[in-house]
file structure.cif (mmCIF, C-alpha atoms and all ligand atoms)
data_upload
#
loop_
_atom_site.label_atom_id
_atom_site.label_comp_id
_atom_site.auth_asym_id
_atom_site.auth_seq_id
_atom_site.Cartn_x
_atom_site.Cartn_y
_atom_site.Cartn_z
CA MET A 27 171.66 41.91 62.03
CA SER A 28 173.53 45.17 62.64
CA ASP A 29 176.89 45.80 60.99
CA GLY A 30 178.19 46.84 64.42
CA LEU A 31 180.33 49.57 62.90
CA ALA A 32 179.01 52.44 65.04
CA GLY A 33 181.82 53.57 67.33
CA ARG A 34 184.40 51.24 65.79
CA ILE A 35 187.75 52.74 64.82
CA ALA A 36 188.42 52.30 61.10
CA LEU A 37 191.68 53.11 59.35
CA VAL A 38 191.55 53.62 55.56
CA THR A 39 194.66 54.11 53.42
CA GLY A 40 194.76 56.00 50.15
CA ALA A 41 191.63 57.74 51.41
CA GLY A 42 192.19 61.08 49.67
CA SER A 43 190.38 60.13 46.48
CA GLY A 44 188.65 57.36 44.54
CA ILE A 45 187.71 54.10 46.23
CA GLY A 46 189.46 54.95 49.53
CA LEU A 47 187.53 58.21 49.85
CA ALA A 48 184.22 56.45 49.10
CA VAL A 49 185.02 53.75 51.69
CA ALA A 50 185.95 56.33 54.34
CA ARG A 51 182.73 58.28 53.74
CA ARG A 52 180.62 55.12 53.89
CA LEU A 53 182.27 53.96 57.13
CA ALA A 54 181.67 57.41 58.64
CA GLU A 55 177.99 57.21 57.61
CA ALA A 56 177.81 53.86 59.41
CA GLY A 57 179.00 55.61 62.59
CA ALA A 58 182.64 54.52 62.63
CA GLU A 59 185.46 56.78 63.84
CA VAL A 60 187.41 57.04 60.59
CA VAL A 61 191.14 57.66 60.23
CA SER A 62 191.94 58.59 56.63
CA ALA A 63 195.55 58.43 55.42
CA ASP A 64 196.95 59.79 52.16
CA LEU A 65 199.74 61.87 50.67
CA ASP A 66 197.19 64.65 50.15
CA THR A 67 194.49 64.78 52.83
CA SER A 68 192.70 67.94 51.69
CA ASP A 69 189.50 66.04 50.71
CA CYS A 70 189.64 63.31 53.37
CA ALA A 71 186.74 62.27 55.61
CA GLY A 72 187.17 61.90 59.38
CA PHE A 73 190.52 62.30 61.15
CA ALA A 74 193.12 62.87 58.42
CA VAL A 75 196.76 61.81 58.61
CA THR A 76 199.21 62.86 55.92
CA ALA A 77 201.72 60.07 55.30
CA ASP A 78 203.73 58.38 52.57
CA LEU A 79 202.53 54.81 53.08
CA GLY A 80 205.29 53.43 50.90
CA THR A 81 207.70 54.00 53.79
CA ALA A 82 208.05 52.36 57.21
CA THR A 83 208.08 55.81 58.84
CA GLY A 84 204.83 56.79 57.14
CA VAL A 85 203.09 53.65 58.40
CA ASP A 86 204.52 54.07 61.94
CA ASP A 87 203.36 57.69 62.04
CA LEU A 88 199.87 56.72 60.88
CA VAL A 89 199.42 53.97 63.48
CA ALA A 90 200.75 56.25 66.23
CA ALA A 91 198.38 59.06 65.19
CA ALA A 92 195.38 56.69 65.09
CA THR A 93 196.08 55.05 68.44
CA ASP A 94 196.92 58.37 70.14
CA ARG A 95 193.64 59.85 68.94
CA PHE A 96 191.25 56.90 69.38
CA GLY A 97 193.09 54.32 71.52
CA GLY A 98 193.00 51.43 69.05
CA VAL A 99 192.00 50.13 65.62
CA ASP A 100 189.11 47.75 64.86
CA VAL A 101 188.93 47.92 61.05
CA LEU A 102 191.74 48.32 58.52
CA VAL A 103 190.99 48.98 54.86
CA ASN A 104 194.27 48.57 53.05
CA ASN A 105 193.47 50.44 49.84
CA VAL A 106 196.55 52.45 48.86
CA ALA A 107 198.25 51.51 45.59
CA VAL A 108 200.09 52.89 42.60
CA ALA A 109 199.32 51.53 39.13
CA PRO A 110 201.80 52.97 36.63
CA TYR A 111 201.31 52.08 32.97
CA ARG A 112 204.34 50.34 31.47
CA ASP A 113 205.54 49.87 27.90
CA GLY A 114 206.62 46.32 28.71
CA PHE A 115 208.62 44.16 31.09
CA THR A 116 212.04 45.65 30.26
CA ASP A 117 210.64 49.15 30.90
CA ILE A 118 210.43 48.38 34.62
CA ASP A 119 213.75 48.96 36.40
CA ASP A 120 214.62 47.97 39.96
CA ALA A 121 213.59 51.31 41.44
CA SER A 122 210.18 51.07 39.76
CA TRP A 123 209.65 47.51 41.04
CA GLN A 124 210.72 48.62 44.51
CA ARG A 125 208.29 51.55 44.62
CA SER A 126 205.34 49.40 43.49
CA TRP A 127 206.31 46.75 46.05
CA ASP A 128 206.71 49.29 48.86
CA VAL A 129 203.39 51.09 48.25
CA ASN A 130 201.23 48.16 47.17
CA VAL A 131 202.54 45.33 49.37
CA MET A 132 204.74 46.60 52.20
CA SER A 133 202.17 49.20 53.24
CA GLY A 134 199.78 46.30 53.89
CA VAL A 135 202.45 44.12 55.50
CA ARG A 136 203.59 46.90 57.84
CA LEU A 137 200.07 48.04 58.70
CA CYS A 138 198.84 44.52 59.42
CA ARG A 139 201.92 43.83 61.56
CA ALA A 140 201.22 46.95 63.61
CA VAL A 141 197.44 46.82 63.75
CA ILE A 142 196.46 43.13 63.96
CA PRO A 143 198.03 42.68 67.44
CA ILE A 144 195.98 45.70 68.57
CA MET A 145 192.85 44.05 67.15
CA VAL A 146 193.71 40.78 68.93
CA ASP A 147 194.04 42.65 72.25
CA ARG A 148 190.63 44.26 71.62
CA GLY A 149 188.98 40.86 71.00
CA GLY A 150 188.94 40.92 67.19
CA GLY A 151 188.76 43.05 64.09
CA SER A 152 188.40 43.11 60.33
CA VAL A 153 190.98 43.73 57.63
CA VAL A 154 189.88 44.38 54.04
CA MET A 155 192.55 44.39 51.36
CA ILE A 156 191.69 46.20 48.14
CA GLY A 157 193.10 43.89 45.50
CA SER A 158 192.40 43.89 41.79
CA GLU A 159 191.20 41.57 39.07
CA ALA A 160 194.78 42.04 37.77
CA ALA A 161 195.99 39.67 40.52
CA ARG A 162 194.45 36.75 38.62
CA HIS A 163 194.59 38.32 35.15
CA PRO A 164 197.99 40.04 34.91
CA THR A 165 198.50 42.42 32.03
CA PRO A 166 201.79 43.64 30.46
CA ARG A 167 200.69 47.29 30.74
CA LEU A 168 200.29 46.82 34.50
CA LEU A 169 202.89 44.13 35.05
CA ASP A 170 204.47 45.09 38.38
CA TYR A 171 201.08 46.23 39.68
CA SER A 172 199.57 42.83 38.80
CA VAL A 173 202.37 41.00 40.62
CA THR A 174 201.93 43.11 43.75
CA LYS A 175 198.18 42.49 43.79
CA ALA A 176 198.77 38.72 43.59
CA ALA A 177 201.11 39.06 46.58
CA LEU A 178 198.47 40.97 48.53
CA LEU A 179 195.91 38.23 47.85
CA SER A 180 198.33 35.66 49.24
CA LEU A 181 199.03 37.83 52.29
CA ALA A 182 195.31 38.14 53.02
CA LYS A 183 194.77 34.40 52.82
CA ALA A 184 197.71 33.59 55.09
CA LEU A 185 196.67 36.17 57.68
CA ALA A 186 193.09 34.86 57.65
CA PHE A 187 194.37 31.43 58.70
CA GLU A 188 196.75 32.73 61.36
CA TYR A 189 194.44 35.25 63.00
CA GLY A 190 191.00 33.70 62.57
CA PRO A 191 191.37 31.94 65.94
CA HIS A 192 192.00 35.37 67.50
CA GLY A 193 188.83 36.91 66.06
CA VAL A 194 190.47 38.85 63.24
CA ARG A 195 188.94 38.38 59.78
CA VAL A 196 190.94 39.19 56.63
CA ASN A 197 189.25 39.46 53.23
CA THR A 198 189.97 40.90 49.81
CA VAL A 199 187.79 43.03 47.54
CA ALA A 200 188.96 42.84 43.94
CA PRO A 201 187.52 45.69 41.87
CA GLY A 202 187.23 45.67 38.12
CA PRO A 203 187.32 48.95 36.15
CA THR A 204 186.25 51.75 38.50
CA ARG A 205 185.79 55.41 37.60
CA THR A 206 188.48 57.13 39.70
CA ALA A 207 191.26 59.63 38.97
CA THR A 208 193.57 56.75 38.05
CA MET A 209 190.99 55.38 35.62
CA ASP A 210 190.37 58.84 34.15
CA ALA A 211 194.10 59.22 33.44
CA TYR A 212 193.98 55.92 31.56
CA LEU A 213 190.83 56.92 29.67
CA ALA A 214 192.48 60.23 28.75
CA SER A 215 195.41 58.32 27.27
CA LEU A 216 192.97 56.22 25.21
CA ALA A 217 190.86 59.18 24.12
CA GLY A 218 193.68 61.64 23.54
CA GLY A 219 192.32 63.71 26.42
CA SER A 220 188.82 64.23 24.98
CA ASP A 221 185.41 62.84 25.96
CA LEU A 222 186.29 60.55 28.85
CA ASP A 223 182.68 59.31 29.14
CA ALA A 224 182.78 58.05 25.55
CA ALA A 225 186.14 56.39 26.22
CA ALA A 226 184.68 54.74 29.34
CA ASP A 227 181.69 53.50 27.37
CA HIS A 228 183.96 52.09 24.65
CA LEU A 229 186.09 50.32 27.26
CA VAL A 230 183.04 48.80 28.96
CA ARG A 231 181.11 47.72 25.87
CA ASP A 232 183.65 47.04 23.14
CA VAL A 233 186.95 46.24 24.85
CA ARG A 234 186.06 44.58 28.18
CA LYS A 235 182.50 43.58 27.17
CA LEU A 236 181.35 43.85 30.79
CA PRO A 237 178.07 41.94 31.18
CA LEU A 238 176.49 44.60 33.40
CA GLY A 239 177.37 47.29 30.84
CA ARG A 240 178.59 49.90 33.31
CA MET A 241 181.89 50.75 34.96
CA ASN A 242 181.97 50.69 38.79
CA ASP A 243 181.59 53.91 40.69
CA PRO A 244 183.84 54.00 43.77
CA GLU A 245 180.67 53.70 45.87
CA ASP A 246 179.92 50.28 44.32
CA VAL A 247 183.19 48.99 45.75
CA ALA A 248 182.64 50.77 49.08
CA GLU A 249 179.35 48.90 49.69
CA VAL A 250 181.09 45.51 49.55
CA VAL A 251 183.95 46.77 51.74
CA LEU A 252 181.39 47.96 54.28
CA PHE A 253 179.79 44.51 54.36
CA LEU A 254 183.12 42.77 54.93
CA ALA A 255 184.25 45.32 57.53
CA GLY A 256 181.16 44.80 59.69
CA ASP A 257 179.54 42.04 61.70
CA ARG A 258 177.15 40.94 58.95
CA ALA A 259 180.22 39.21 57.48
CA ARG A 260 181.17 37.63 60.83
CA GLN A 261 181.55 34.16 59.23
CA VAL A 262 183.53 35.43 56.21
CA THR A 263 187.32 35.31 56.19
CA GLY A 264 190.02 34.45 53.65
CA SER A 265 187.57 35.31 50.86
CA GLU A 266 187.92 37.39 47.73
CA TYR A 267 184.92 39.40 46.53
CA GLY A 268 184.97 40.63 42.94
CA VAL A 269 183.19 43.93 42.21
CA ASN A 270 183.65 43.98 38.47
CA ALA A 271 180.35 44.08 36.54
CA GLY A 272 180.95 40.44 35.62
CA SER A 273 184.32 40.99 33.96
CA THR A 274 185.93 37.63 34.70
CA ALA A 275 184.89 34.64 32.59
CA SER A 276 186.77 32.07 34.68
CA MET A 277 184.97 30.09 37.38
N1 LIG A 301 190.21 52.30 39.70
C1 LIG A 301 190.19 51.06 39.24
O1 LIG A 301 189.75 50.79 38.11
C2 LIG A 301 190.73 49.94 40.10
C3 LIG A 301 190.61 48.63 39.63
C4 LIG A 301 191.09 47.59 40.39
C5 LIG A 301 191.66 47.83 41.63
N2 LIG A 301 191.76 49.11 42.07
C6 LIG A 301 192.40 49.31 43.37
O2 LIG A 301 191.61 50.14 44.19
C7 LIG A 301 192.43 50.90 45.07
C8 LIG A 301 192.11 52.38 44.92
O3 LIG A 301 192.26 52.74 43.56
P1 LIG A 301 191.75 54.15 43.01
O4 LIG A 301 191.52 53.98 41.56
O5 LIG A 301 190.70 54.68 43.91
O6 LIG A 301 193.10 54.99 43.16
P2 LIG A 301 193.31 56.56 43.26
O7 LIG A 301 192.08 57.31 42.83
O8 LIG A 301 194.59 56.81 42.56
O9 LIG A 301 193.50 56.75 44.80
C9 LIG A 301 194.63 56.24 45.44
C10 LIG A 301 194.99 57.22 46.53
O10 LIG A 301 196.19 56.74 47.18
C11 LIG A 301 197.07 57.84 47.30
N3 LIG A 301 198.45 57.39 47.36
C12 LIG A 301 199.23 56.94 46.34
N4 LIG A 301 200.45 56.63 46.80
C13 LIG A 301 200.45 56.92 48.12
C14 LIG A 301 201.42 56.81 49.16
N5 LIG A 301 202.66 56.38 48.90
N6 LIG A 301 201.08 57.17 50.39
C15 LIG A 301 199.84 57.63 50.69
N7 LIG A 301 198.88 57.76 49.75
C16 LIG A 301 199.18 57.40 48.49
C17 LIG A 301 196.81 58.66 46.07
O11 LIG A 301 197.33 59.95 46.26
P3 LIG A 301 197.79 60.81 44.99
O12 LIG A 301 196.60 60.97 44.12
O13 LIG A 301 198.27 62.08 45.62
O14 LIG A 301 198.89 60.02 44.35
C18 LIG A 301 195.30 58.61 45.97
O15 LIG A 301 194.68 59.60 46.76
C19 LIG A 301 193.87 50.55 44.71
O16 LIG A 301 194.33 49.53 45.56
C20 LIG A 301 193.74 50.03 43.29
O17 LIG A 301 194.78 49.14 42.95
C21 LIG A 301 191.31 50.18 41.34
#
call {"tool": "encode", "arguments": {"input": "structure.cif", "output": "structure tokens", "more": "lines below"}}
Ligand SMILES: NC(=O)c1ccc[n+]([C@@H]2O[C@H](COP(=O)([O-])OP(=O)(O)OC[C@H]3O[C@@H](n4cnc5c(N)ncnc54)[C@H](OP(=O)(O)O)[C@@H]3O)[C@@H](O)[C@H]2O)c1
result
Amino acid sequence: MSDGLAGRIALVTGAGSGIGLAVARRLAEAGAEVVSADLDTSDCAGFAVTADLGTATGVDDLVAAATDRFGGVDVLVNNVAVAPYRDGFTDIDDASWQRSWDVNVMSGVRLCRAVIPIMVDRGGGSVVMIGSEAARHPTPRLLDYSVTKAALLSLAKALAFEYGPHGVRVNTVAPGPTRTATMDAYLASLAGGSDLDAAADHLVRDVRKLPLGRMNDPEDVAEVVLFLAGDRARQVTGSEYGVNAGSTASM
């Protein structure tokens, strides 16, 4: 079965680096018309739109740019997020909560509200939310981030029920530790800035004890996103796919 992605219009957020960039490249390889959105679009694949996706204006501008250029949207990969490290619960003031909520949740809410009706008019589509294992395993160092990822999981499930009858599938990919700029900043804080590979190895083997013994590359996550975005997953909706080297012990 073909993935059917050739010629489809795919919008990827946070596509300037890391997982979003790998997803955008992989969708382009599959023949999709890719719209990549980020604050910094200098490295983006496909048609690049510079936007702050934590604002309503940024989302509106992105959807307008995509539809003006390509006439619609068939695939949405809602990847953008911020993941600030916190000292603890009382470290997080209202403004910090609001920014995490705006970037991590409202970007997805606003984009789905704008794009899903377009997909319905076109006979269907696929939304992939990039969640996190932190949604089900919240950590104090990433407290507000964990809460926003749980909200995104709930949003995906609700949308899958509402829009399945209209041909729109909504799924979540929940990565475990993945070697991106955000992860490297964390590894640098662990390693005092030196030997990030050794810090990654320590995290994988001694701290997280990942059964597969290797941290994800962004491309590992992109492969699963590609599957869910395309027609080979035509019977899959409301699901959550972990890409985490076996990190979660719960069933
Ligand atoms: N890496 C991991 O270990 C891991 C694990 C679990 C889940 N995830 C999830 O995977 C997704 C991608 O993570 P990643 O590690 O690839 O992150 P990343 O390397 O930091 O990439 C995120 C991209 O989003 C951009 N961005 C941030 N705020 C934005 C905004 N307001 N408007 C537009 N663009 C914005 C960033 O731009 P700047 O760089 O300019 O800020 C960056 O290019 C996220 O949803 C994350 O929660 C990652």
call {"tool": "residues_near_ligand", "arguments": {"input": "structure.cif", "ligand": "ligand LIG 301 (chain A)", "cutoff": "6 Å", "atoms": "all atoms listed in the file", "output": "PyMOL selection string"}}
result
chain A and resi 40-46+64-66+77-80+105-108+129+156-158+201-209
call {"tool": "residues_around", "arguments": {"input": "structure.cif", "residues": "segment 27-34 of chain A", "least_positions_apart": "6", "cutoff": "7 Å", "atoms": "only C-alpha atoms", "output": "PDB file with C-alpha atoms, in the coordinates of the input"}}
result
ATOM      1  CA  ALA A  56     177.810  53.860  59.410  1.00  0.00           C
ATOM      2  CA  GLY A  57     179.000  55.610  62.590  1.00  0.00           C
ATOM      3  CA  ALA A  58     182.640  54.520  62.630  1.00  0.00           C
ATOM      4  CA  GLU A  59     185.460  56.780  63.840  1.00  0.00           C
ATOM      5  CA  ASP A 100     189.110  47.750  64.860  1.00  0.00           C
ATOM      6  CA  GLY A 256     181.160  44.800  59.690  1.00  0.00           C
ATOM      7  CA  ASP A 257     179.540  42.040  61.700  1.00  0.00           C
ATOM      8  CA  ARG A 258     177.150  40.940  58.950  1.00  0.00           C
TER       9      ARG A 258
END
call {"tool": "residues_around", "arguments": {"input": "structure.cif", "residues": "Thr116 of chain A", "least_positions_apart": "2", "cutoff": "12 Å", "atoms": "all atoms listed in the file", "output": "ChimeraX atom specification"}}
result
/A:112-114,118-120,122-123,166-167,169-170
call {"tool": "atom_distance", "arguments": {"input": "structure.cif", "atom1": "atom CA of Tyr189 of chain A", "atom2": "atom CA of Asn104 of chain A"}}
result
16.6 Å
call {"tool": "closest_residue", "arguments": {"input": "structure.cif", "among": "A:Asp69, A:Val101, A:Asp147, A:Arg139", "to": "Leu53 of chain A", "atoms": "only C-alpha atoms"}}
result
A:Val101
call {"tool": "closest_residue", "arguments": {"input": "structure.cif", "among": "A:Val61, A:Leu168, A:Met132, A:Val75", "to": "Gly98 of chain A", "atoms": "all atoms listed in the file"}}
result
A:Val61
call {"tool": "closest_residue", "arguments": {"input": "structure.cif", "among": "A:Val99, A:Ile35, A:Ala63, A:Ala91", "to": "Met145 of chain A", "atoms": "all atoms listed in the file"}}
result
A:Val99
call {"tool": "residues_near_point", "arguments": {"input": "structure.cif", "point": "(185.1, 41.2, 28.0)", "cutoff": "12 Å", "atoms": "all atoms listed in the file", "output": "list in words"}}
result
Gly202, Pro203, His228, Leu229, Val230, Arg231, Asp232, Val233, Arg234, Lys235, Leu236, Pro237, Leu238, Gly239, Asn270, Ala271, Gly272, Ser273, Thr274, Ala275 and Ser276 of chain A
call {"tool": "closest_residue", "arguments": {"input": "structure.cif", "among": "A:Ser126, A:Thr174, A:Asn242, A:Thr93", "to": "Ala140 of chain A", "atoms": "all atoms listed in the file"}}
result
A:Thr93
call {"tool": "residues_around", "arguments": {"input": "structure.cif", "residues": "Ala92 of chain A", "least_positions_apart": "2", "cutoff": "12 Å", "atoms": "only C-alpha atoms", "output": "PyMOL selection string"}}
result
chain A and resi 35-39+59-63+72-76+85-90+94-102+137+140-141+144
call {"tool": "residues_near_point", "arguments": {"input": "structure.cif", "point": "(187.9, 41.5, 49.0)", "cutoff": "9 Å", "atoms": "only C-alpha atoms", "output": "VMD selection string"}}
result
chain A and resid 154 to 158 179 196 to 201 250 to 251 254 264 to 269
call {"tool": "closest_residue", "arguments": {"input": "structure.cif", "among": "A:Gln261, A:Ser215, A:Ser180, A:Thr81", "to": "Gln124 of chain A", "atoms": "all atoms listed in the file"}}
result
A:Thr81
call {"tool": "closest_residue", "arguments": {"input": "structure.cif", "among": "A:Ala248, A:Cys138, A:Ala177, A:Ala214", "to": "Glu55 of chain A", "atoms": "only C-alpha atoms"}}
result
A:Ala248
call {"tool": "atom_distance", "arguments": {"input": "structure.cif", "atom1": "atom CA of Val49 of chain A", "atom2": "atom CA of Leu216 of chain A"}}
result
27.8 Å
